[in-house]
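Here the structure comes first, spelled out in structure tokens, and everything after it is commentary.
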There are 2 protein chains.
Amino acid sequence: MAALKVLEGGSVLEKAAANISVVAGVLSPERAQAMSSRGRDAIDPAGGQAYSAAAMSLVFHSAHPRIPTLRADVRLFEVEGQMWYGGGCDLTPFYPHEADFAEFHAYWKAACDKYDASLYPEFKAWCDRYFYIPARKEHRGVGGLFFDDVDASASSYDVEQFVRDVGDGILPSWEGIVQRRREQAFSEAQRQWQLLRRGRYLEFNLLYDRGVKFGLDGGRVESIMVSAPPLIAWKYNVQPEEGSEEAKLVDLLRTPCDWA
Amino acid sequence: MAALKVLEGGSVLEKAAANISVVAGVLSPERAQAMSSRGRDAIDPAGGQAYSAAAMSLVFHSAHPRIPTLRADVRLFEVEGQMWYGGGCDLTPFYPHEADFAEFHAYWKAACDKYDASLYPEFKAWCDRYFYIPARKEHRGVGGLFFDDVDASASSYDVEQFVRDVGDGILPSWEGIVQRRREQAFSEAQRQWQLLRRGRYLEFNLLYDRGVKFGLDGGRVESIMVSAPPLIAWKYNVQPEEGSEEAKLVDLLRTPCDWA
């Protein structure tokens, strides 16, 4: 079962995609090998085991340059009764509204701390590592949470309920920012900056994202590329003016910050 | 020595980049291994040999949807007095003006035939193979020439003079099309189609192009990404109307044609 819903041209959401898939099959040797090498001990690297998997992913590209792009997902993978969970939620902003980022991270820290105080620091750092563009020496955004390969049977907290909370928290974690920013005026120059910065989002997806490579090899090109921003501009070597908001944003993305 | 010139916002060339580099160095084991495995017998796969290299590359993104994107390069690589040449010139159109493509290919066939009747068929087929997007089952454009690893000492024709002719032929091969199309009116819908199709250009560059991956690993991110189209739109699952010019273009890109 797979369902993809796309909204294009909204006044707040210039493009939004929600993808849900529930699948079952038999592990190929290549995939089994890759998963086994990532520490999923119950998976025979030779392949051949039956699996089932479920995933929900969201990407919201805002029309407003002061509202960050939101990306999130939750996912579950099962082999012979053993469950591994993954997911995350992160922001890719265009302007350095630090109070917004602190609020977003505080939301996710509280959601994690309900289960275990070690979760937020671990998953926040994982997000910073994952959404990184080596060629630019820049993080894609200001992060959030990212986790994968979480073994439910080897965890001291209720992983399933935690992942349900992550799914339920995606919209509330972002909504305050949207409501606060959506009526602010913005200039054509700020819109252009948003279009330029969106290029980084695509660079990361096409050059580095493991999920994108896997999906394209599987032939699902349109349901993978649906995550692309609706409009992107590319100019050569744009350097924001020293001391500007744009320069501050770029500076923020060089080194992960302790937001929460 | 490296020189990069970029024009942005021209009335015919919405974005154009010309990149010239002349470099010398010592081969790393990784690079020596890769080149040796591609048949450059004089290269010691262990690395350590001195090399020199020169390259000129061009990309012209037209403002007009009826003028194809032009990409071209010529390059030379030397180790211990042995020379290998590469280069090419190809079109990525938005509309199926078959007479334009035939004219372009006829130009390059004549340029090749002056040296050897085997060159055009070989380099045309190489171009079709190289500029291919497996995830889309589409060629990026209508091709032209592409060649690499041509060993001057093992060739029966004057390879250096041939490559000079390729460099000198880039603008003449395209100019007729530009002059014929630049004054034609176009609609906003045709412009939108151009922005959507430009996405394919970037998909190829970021997902598949060997030169891009090599350049990004080398840290030259802005001089690599300068080849990106100036403005790109991404919509979900756009299917052109049956029988339309847009549908015909997509159909043309499925299977290489004998244009010359």
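Convention: chains lettered A, B, ... in structure tokens order; per-chain residue numbering from 1; ligands numbered from 1 as shown.
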- Query: Once you count only C-alpha atoms, which residues of chain B turn out to be within 7 Å of chain A? Could you give them as a VMD selection string?
  - Reply: chain B and resid 135 to 136 206 to 207 216 to 217 219 221 to 222 226 228 to 237
- Nearby residues (only C-alpha atoms) at most 10 Å from Leu171 in chain B, same-chain spacing under 6 positions excluded, as a PyMOL selection string: chain B and resi 70+72+89
For the selection you just gave me, I'd like the residues written to a file as an mmCIF file, in the first residue's frame, keeping N, CA, C and O atoms.
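Here's the written file out.cif:
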data_model
loop_
_atom_site.group_PDB
_atom_site.id
_atom_site.type_symbol
_atom_site.label_atom_id
_atom_site.label_comp_id
_atom_site.auth_asym_id
_atom_site.auth_seq_id
_atom_site.Cartn_x
_atom_site.Cartn_y
_atom_site.Cartn_z
ATOM 1 N N LEU B 70 23.293 24.512 -24.369
ATOM 2 C CA LEU B 70 24.513 23.998 -25.014
ATOM 3 C C LEU B 70 25.557 23.699 -23.950
ATOM 4 O O LEU B 70 25.832 24.542 -23.088
ATOM 5 N N ALA B 72 29.600 22.078 -23.685
ATOM 6 C CA ALA B 72 30.735 21.639 -24.501
ATOM 7 C C ALA B 72 32.016 21.711 -23.700
ATOM 8 O O ALA B 72 32.137 22.501 -22.769
ATOM 9 N N CYS B 89 30.326 18.113 -27.286
ATOM 10 C CA CYS B 89 29.419 19.234 -27.479
ATOM 11 C C CYS B 89 28.030 18.633 -27.660
ATOM 12 O O CYS B 89 27.854 17.761 -28.517
#
- Task: Skip Asp151 in chain A itself and residues of its chain fewer than 6 positions away, then list as a count of residues only all residues within 12 Å of it, counting only C-alpha atoms.
- Result: 19
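Residue nearest Lys248 in chain A within the list A:Leu145, A:His97, A:Pro121, A:Pro68: A:His97 [criterion: smallest interatomic distance, only C-alpha atoms].
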Distance query Ile177 in chain A at most 10 Å, only C-alpha atoms, self and fewer than 6 positions along chain excluded, as a PDB file with N, CA and C atoms, in the first residue's frame:
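Dumped everything to out.pdb:
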ATOM      1  N   ARG A  66      10.568  33.568   5.600  1.00  0.00           N
ATOM      2  CA  ARG A  66      10.871  33.524   7.042  1.00  0.00           C
ATOM      3  C   ARG A  66      10.301  32.275   7.721  1.00  0.00           C
ATOM      4  N   ILE A  67       9.664  31.414   6.944  1.00  0.00           N
ATOM      5  CA  ILE A  67       9.201  30.125   7.481  1.00  0.00           C
ATOM      6  C   ILE A  67      10.122  29.035   6.939  1.00  0.00           C
ATOM      7  N   PRO A  68      10.787  28.296   7.811  1.00  0.00           N
ATOM      8  CA  PRO A  68      11.738  27.281   7.335  1.00  0.00           C
ATOM      9  C   PRO A  68      11.022  26.127   6.620  1.00  0.00           C
ATOM     10  N   HIS A  97      16.232  33.214  12.559  1.00  0.00           N
ATOM     11  CA  HIS A  97      15.345  33.521  13.691  1.00  0.00           C
ATOM     12  C   HIS A  97      15.638  32.550  14.823  1.00  0.00           C
ATOM     13  N   ALA A  99      15.179  32.476  17.989  1.00  0.00           N
ATOM     14  CA  ALA A  99      14.135  32.119  18.964  1.00  0.00           C
ATOM     15  C   ALA A  99      13.232  31.016  18.397  1.00  0.00           C
ATOM     16  N   ASP A 100      12.986  31.065  17.087  1.00  0.00           N
ATOM     17  CA  ASP A 100      12.175  30.009  16.457  1.00  0.00           C
ATOM     18  C   ASP A 100      12.878  28.660  16.560  1.00  0.00           C
ATOM     19  N   PHE A 101      14.173  28.656  16.329  1.00  0.00           N
ATOM     20  CA  PHE A 101      14.908  27.384  16.342  1.00  0.00           C
ATOM     21  C   PHE A 101      14.968  26.831  17.774  1.00  0.00           C
ATOM     22  N   GLU A 103      12.736  27.318  20.090  1.00  0.00           N
ATOM     23  CA  GLU A 103      11.398  26.798  20.410  1.00  0.00           C
ATOM     24  C   GLU A 103      11.201  25.398  19.813  1.00  0.00           C
ATOM     25  N   PHE A 104      11.623  25.242  18.559  1.00  0.00           N
ATOM     26  CA  PHE A 104      11.498  23.950  17.865  1.00  0.00           C
ATOM     27  C   PHE A 104      12.306  22.869  18.593  1.00  0.00           C
TER      28      PHE A 104
END
- Query: Could you write out, as a count of residues only, all the residues of range 129-212 of chain B that DSSP marks as alpha helix (DSSP H)?
  - Reply: 48
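The two atoms in question, CA of Lys124 in chain A and CA of Ser153 in chain A, are spaced 22.4 Å apart.
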- Task: Take CA of Ser57 in chain B and CA of Asn19 in chain B and report the distance between them in Å, one decimal.
- Result: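 We find that CA of Ser57 in chain B and CA of Asn19 in chain B lie 5.2 Å from each other.
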- Query: Within 12 Å of Ala247 in chain B, counting only C-alpha atoms, which residues qualify if same-chain residues fewer than 4 places away don't, as a PyMOL selection string?
  - Reply: chain B and resi 94-96+193+197+238-243+251-254
Could those residues be written to a file, using N, CA and C atoms, as a PDB file, in the first residue's frame?
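What follows is the written file again17.pdb:
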ATOM      1  N   PHE B  94      14.259  21.908 -25.203  1.00  0.00           N
ATOM      2  CA  PHE B  94      12.977  21.922 -24.495  1.00  0.00           C
ATOM      3  C   PHE B  94      11.820  21.654 -25.462  1.00  0.00           C
ATOM      4  N   TYR B  95      12.065  21.903 -26.743  1.00  0.00           N
ATOM      5  CA  TYR B  95      11.054  21.692 -27.779  1.00  0.00           C
ATOM      6  C   TYR B  95      11.656  20.887 -28.927  1.00  0.00           C
ATOM      7  N   PRO B  96      10.825  20.068 -29.582  1.00  0.00           N
ATOM      8  CA  PRO B  96      11.334  19.075 -30.538  1.00  0.00           C
ATOM      9  C   PRO B  96      11.539  19.627 -31.948  1.00  0.00           C
ATOM     10  N   TRP B 193       7.430  25.162 -18.894  1.00  0.00           N
ATOM     11  CA  TRP B 193       7.925  23.856 -19.363  1.00  0.00           C
ATOM     12  C   TRP B 193       9.463  23.845 -19.380  1.00  0.00           C
ATOM     13  N   ARG B 197      11.808  21.275 -17.282  1.00  0.00           N
ATOM     14  CA  ARG B 197      12.773  20.391 -17.954  1.00  0.00           C
ATOM     15  C   ARG B 197      14.199  20.649 -17.482  1.00  0.00           C
ATOM     16  N   VAL B 238       4.508  15.694 -13.749  1.00  0.00           N
ATOM     17  CA  VAL B 238       3.952  16.442 -14.885  1.00  0.00           C
ATOM     18  C   VAL B 238       3.936  15.542 -16.127  1.00  0.00           C
ATOM     19  N   GLN B 239       2.787  15.386 -16.711  1.00  0.00           N
ATOM     20  CA  GLN B 239       2.645  14.572 -17.928  1.00  0.00           C
ATOM     21  C   GLN B 239       2.119  15.468 -19.031  1.00  0.00           C
ATOM     22  N   PRO B 240       2.932  15.734 -20.062  1.00  0.00           N
ATOM     23  CA  PRO B 240       2.430  16.621 -21.125  1.00  0.00           C
ATOM     24  C   PRO B 240       1.243  15.987 -21.862  1.00  0.00           C
ATOM     25  N   GLU B 241       0.407  16.858 -22.371  1.00  0.00           N
ATOM     26  CA  GLU B 241      -0.787  16.438 -23.100  1.00  0.00           C
ATOM     27  C   GLU B 241      -0.413  15.600 -24.327  1.00  0.00           C
ATOM     28  N   GLU B 242      -1.157  14.549 -24.531  1.00  0.00           N
ATOM     29  CA  GLU B 242      -0.876  13.654 -25.670  1.00  0.00           C
ATOM     30  C   GLU B 242      -0.927  14.436 -26.981  1.00  0.00           C
ATOM     31  N   GLY B 243       0.052  14.202 -27.834  1.00  0.00           N
ATOM     32  CA  GLY B 243       0.063  14.877 -29.123  1.00  0.00           C
ATOM     33  C   GLY B 243       0.697  16.264 -29.084  1.00  0.00           C
ATOM     34  N   ASP B 251       9.181  12.031 -25.781  1.00  0.00           N
ATOM     35  CA  ASP B 251       9.243  10.798 -26.560  1.00  0.00           C
ATOM     36  C   ASP B 251      10.583  10.683 -27.301  1.00  0.00           C
ATOM     37  N   LEU B 252      11.032  11.815 -27.869  1.00  0.00           N
ATOM     38  CA  LEU B 252      12.318  11.852 -28.591  1.00  0.00           C
ATOM     39  C   LEU B 252      13.490  11.447 -27.686  1.00  0.00           C
ATOM     40  N   LEU B 253      13.377  11.791 -26.394  1.00  0.00           N
ATOM     41  CA  LEU B 253      14.511  11.578 -25.495  1.00  0.00           C
ATOM     42  C   LEU B 253      14.576  10.142 -24.970  1.00  0.00           C
ATOM     43  N   ARG B 254      13.569   9.348 -25.301  1.00  0.00           N
ATOM     44  CA  ARG B 254      13.585   7.954 -24.829  1.00  0.00           C
ATOM     45  C   ARG B 254      14.622   7.119 -25.579  1.00  0.00           C
TER      46      ARG B 254
END
- Message: Please extract the residues of range 93-161 of chain A with a backbone DSSP assignment of strand (DSSP E) and present them as a ChimeraX atom specification.
- Response: /A:132-133,138-139,143-151
Store the residues of this selection in a file with all heavy atoms, as an mmCIF file, in the first residue's frame.
data_model
loop_
_atom_site.group_PDB
_atom_site.id
_atom_site.type_symbol
_atom_site.label_atom_id
_atom_site.label_comp_id
_atom_site.auth_asym_id
_atom_site.auth_seq_id
_atom_site.Cartn_x
_atom_site.Cartn_y
_atom_site.Cartn_z
ATOM 1 N N TYR A 132 24.355 17.210 6.357
ATOM 2 C CA TYR A 132 25.594 17.981 6.209
ATOM 3 C C TYR A 132 26.038 17.895 4.744
ATOM 4 O O TYR A 132 25.916 16.842 4.115
ATOM 5 C CB TYR A 132 26.667 17.391 7.128
ATOM 6 C CG TYR A 132 27.984 18.138 7.091
ATOM 7 C CD1 TYR A 132 28.060 19.431 7.593
ATOM 8 C CD2 TYR A 132 29.122 17.564 6.543
ATOM 9 C CE1 TYR A 132 29.255 20.128 7.548
ATOM 10 C CE2 TYR A 132 30.326 18.259 6.489
ATOM 11 C CZ TYR A 132 30.389 19.547 6.995
ATOM 12 O OH TYR A 132 31.573 20.241 6.942
ATOM 13 N N ILE A 133 26.511 19.010 4.208
ATOM 14 C CA ILE A 133 26.965 19.058 2.813
ATOM 15 C C ILE A 133 28.480 19.237 2.827
ATOM 16 O O ILE A 133 28.977 20.362 2.955
ATOM 17 C CB ILE A 133 26.287 20.234 2.063
ATOM 18 C CG1 ILE A 133 24.753 20.111 2.169
ATOM 19 C CG2 ILE A 133 26.717 20.276 0.609
ATOM 20 C CD1 ILE A 133 23.984 21.281 1.565
ATOM 21 N N GLU A 138 28.863 22.992 5.144
ATOM 22 C CA GLU A 138 27.673 23.613 5.719
ATOM 23 C C GLU A 138 26.684 22.527 6.124
ATOM 24 O O GLU A 138 26.521 21.538 5.407
ATOM 25 C CB GLU A 138 26.943 24.406 4.618
ATOM 26 C CG GLU A 138 27.031 25.880 4.655
ATOM 27 C CD GLU A 138 26.262 26.490 3.480
ATOM 28 O OE1 GLU A 138 25.128 26.052 3.161
ATOM 29 O OE2 GLU A 138 26.829 27.402 2.869
ATOM 30 N N HIS A 139 25.992 22.733 7.221
ATOM 31 C CA HIS A 139 24.841 21.892 7.543
ATOM 32 C C HIS A 139 23.665 22.372 6.698
ATOM 33 O O HIS A 139 23.565 23.555 6.374
ATOM 34 C CB HIS A 139 24.540 21.966 9.037
ATOM 35 C CG HIS A 139 25.653 21.354 9.838
ATOM 36 N ND1 HIS A 139 25.644 20.043 10.244
ATOM 37 C CD2 HIS A 139 26.850 21.855 10.223
ATOM 38 C CE1 HIS A 139 26.770 19.780 10.873
ATOM 39 N NE2 HIS A 139 27.529 20.852 10.874
ATOM 40 N N GLY A 143 18.783 21.613 11.988
ATOM 41 C CA GLY A 143 18.605 20.298 12.600
ATOM 42 C C GLY A 143 17.306 20.114 13.327
ATOM 43 O O GLY A 143 16.296 20.799 13.059
ATOM 44 N N GLY A 144 17.337 19.177 14.243
ATOM 45 C CA GLY A 144 16.154 18.719 14.961
ATOM 46 C C GLY A 144 16.491 17.334 15.485
ATOM 47 O O GLY A 144 17.517 17.174 16.153
ATOM 48 N N LEU A 145 15.687 16.348 15.101
ATOM 49 C CA LEU A 145 15.969 14.951 15.479
ATOM 50 C C LEU A 145 16.226 14.111 14.242
ATOM 51 O O LEU A 145 15.628 14.337 13.194
ATOM 52 C CB LEU A 145 14.768 14.310 16.184
ATOM 53 C CG LEU A 145 14.206 14.903 17.463
ATOM 54 C CD1 LEU A 145 13.067 14.014 17.968
ATOM 55 C CD2 LEU A 145 15.300 15.034 18.514
ATOM 56 N N PHE A 146 17.085 13.100 14.369
ATOM 57 C CA PHE A 146 17.222 12.047 13.359
ATOM 58 C C PHE A 146 17.649 10.782 14.081
ATOM 59 O O PHE A 146 18.550 10.826 14.921
ATOM 60 C CB PHE A 146 18.276 12.435 12.308
ATOM 61 C CG PHE A 146 18.372 11.443 11.164
ATOM 62 C CD1 PHE A 146 17.581 11.599 10.030
ATOM 63 C CD2 PHE A 146 19.238 10.359 11.222
ATOM 64 C CE1 PHE A 146 17.649 10.687 8.977
ATOM 65 C CE2 PHE A 146 19.311 9.448 10.173
ATOM 66 C CZ PHE A 146 18.530 9.610 9.047
ATOM 67 N N PHE A 147 16.991 9.673 13.773
ATOM 68 C CA PHE A 147 17.397 8.393 14.363
ATOM 69 C C PHE A 147 17.049 7.267 13.402
ATOM 70 O O PHE A 147 16.168 7.392 12.551
ATOM 71 C CB PHE A 147 16.756 8.169 15.741
ATOM 72 C CG PHE A 147 15.249 8.253 15.758
ATOM 73 C CD1 PHE A 147 14.468 7.105 15.712
ATOM 74 C CD2 PHE A 147 14.613 9.486 15.823
ATOM 75 C CE1 PHE A 147 13.075 7.173 15.729
ATOM 76 C CE2 PHE A 147 13.222 9.561 15.838
ATOM 77 C CZ PHE A 147 12.459 8.415 15.792
ATOM 78 N N ASP A 148 17.780 6.173 13.532
ATOM 79 C CA ASP A 148 17.603 5.029 12.626
ATOM 80 C C ASP A 148 18.067 3.782 13.359
ATOM 81 O O ASP A 148 18.816 3.876 14.335
ATOM 82 C CB ASP A 148 18.428 5.255 11.353
ATOM 83 C CG ASP A 148 17.932 4.390 10.192
ATOM 84 O OD1 ASP A 148 16.921 3.678 10.347
ATOM 85 O OD2 ASP A 148 18.567 4.452 9.125
ATOM 86 N N ASP A 149 17.617 2.618 12.876
ATOM 87 C CA ASP A 149 18.101 1.337 13.411
ATOM 88 C C ASP A 149 17.866 1.208 14.915
ATOM 89 O O ASP A 149 18.628 0.503 15.594
ATOM 90 C CB ASP A 149 19.617 1.185 13.142
ATOM 91 C CG ASP A 149 19.950 1.189 11.652
ATOM 92 O OD1 ASP A 149 19.185 0.616 10.871
ATOM 93 O OD2 ASP A 149 20.990 1.776 11.285
ATOM 94 N N VAL A 150 16.831 1.866 15.461
ATOM 95 C CA VAL A 150 16.584 1.743 16.902
ATOM 96 C C VAL A 150 15.864 0.411 17.157
ATOM 97 O O VAL A 150 14.759 0.181 16.651
ATOM 98 C CB VAL A 150 15.751 2.924 17.440
ATOM 99 C CG1 VAL A 150 15.422 2.706 18.913
ATOM 100 C CG2 VAL A 150 16.531 4.226 17.266
ATOM 101 N N ASP A 151 16.511 -0.451 17.907
ATOM 102 C CA ASP A 151 16.049 -1.818 18.157
ATOM 103 C C ASP A 151 15.098 -1.799 19.363
ATOM 104 O O ASP A 151 15.517 -1.546 20.491
ATOM 105 C CB ASP A 151 17.287 -2.680 18.443
ATOM 106 C CG ASP A 151 16.940 -4.136 18.679
ATOM 107 O OD1 ASP A 151 15.756 -4.442 18.916
ATOM 108 O OD2 ASP A 151 17.871 -4.957 18.632
#
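Of note, CA of Val250 in chain B and CA of Gln190 in chain B are spaced 14.3 Å apart.
By chain and then residue number, the residues within 7 Å of Ala102 in chain A are A:Glu98, A:Ala99, A:His105, A:Ala106, A:Trp259, A:Ala260, counting only C-alpha atoms and disregarding those fewer than 3 positions away in sequence.
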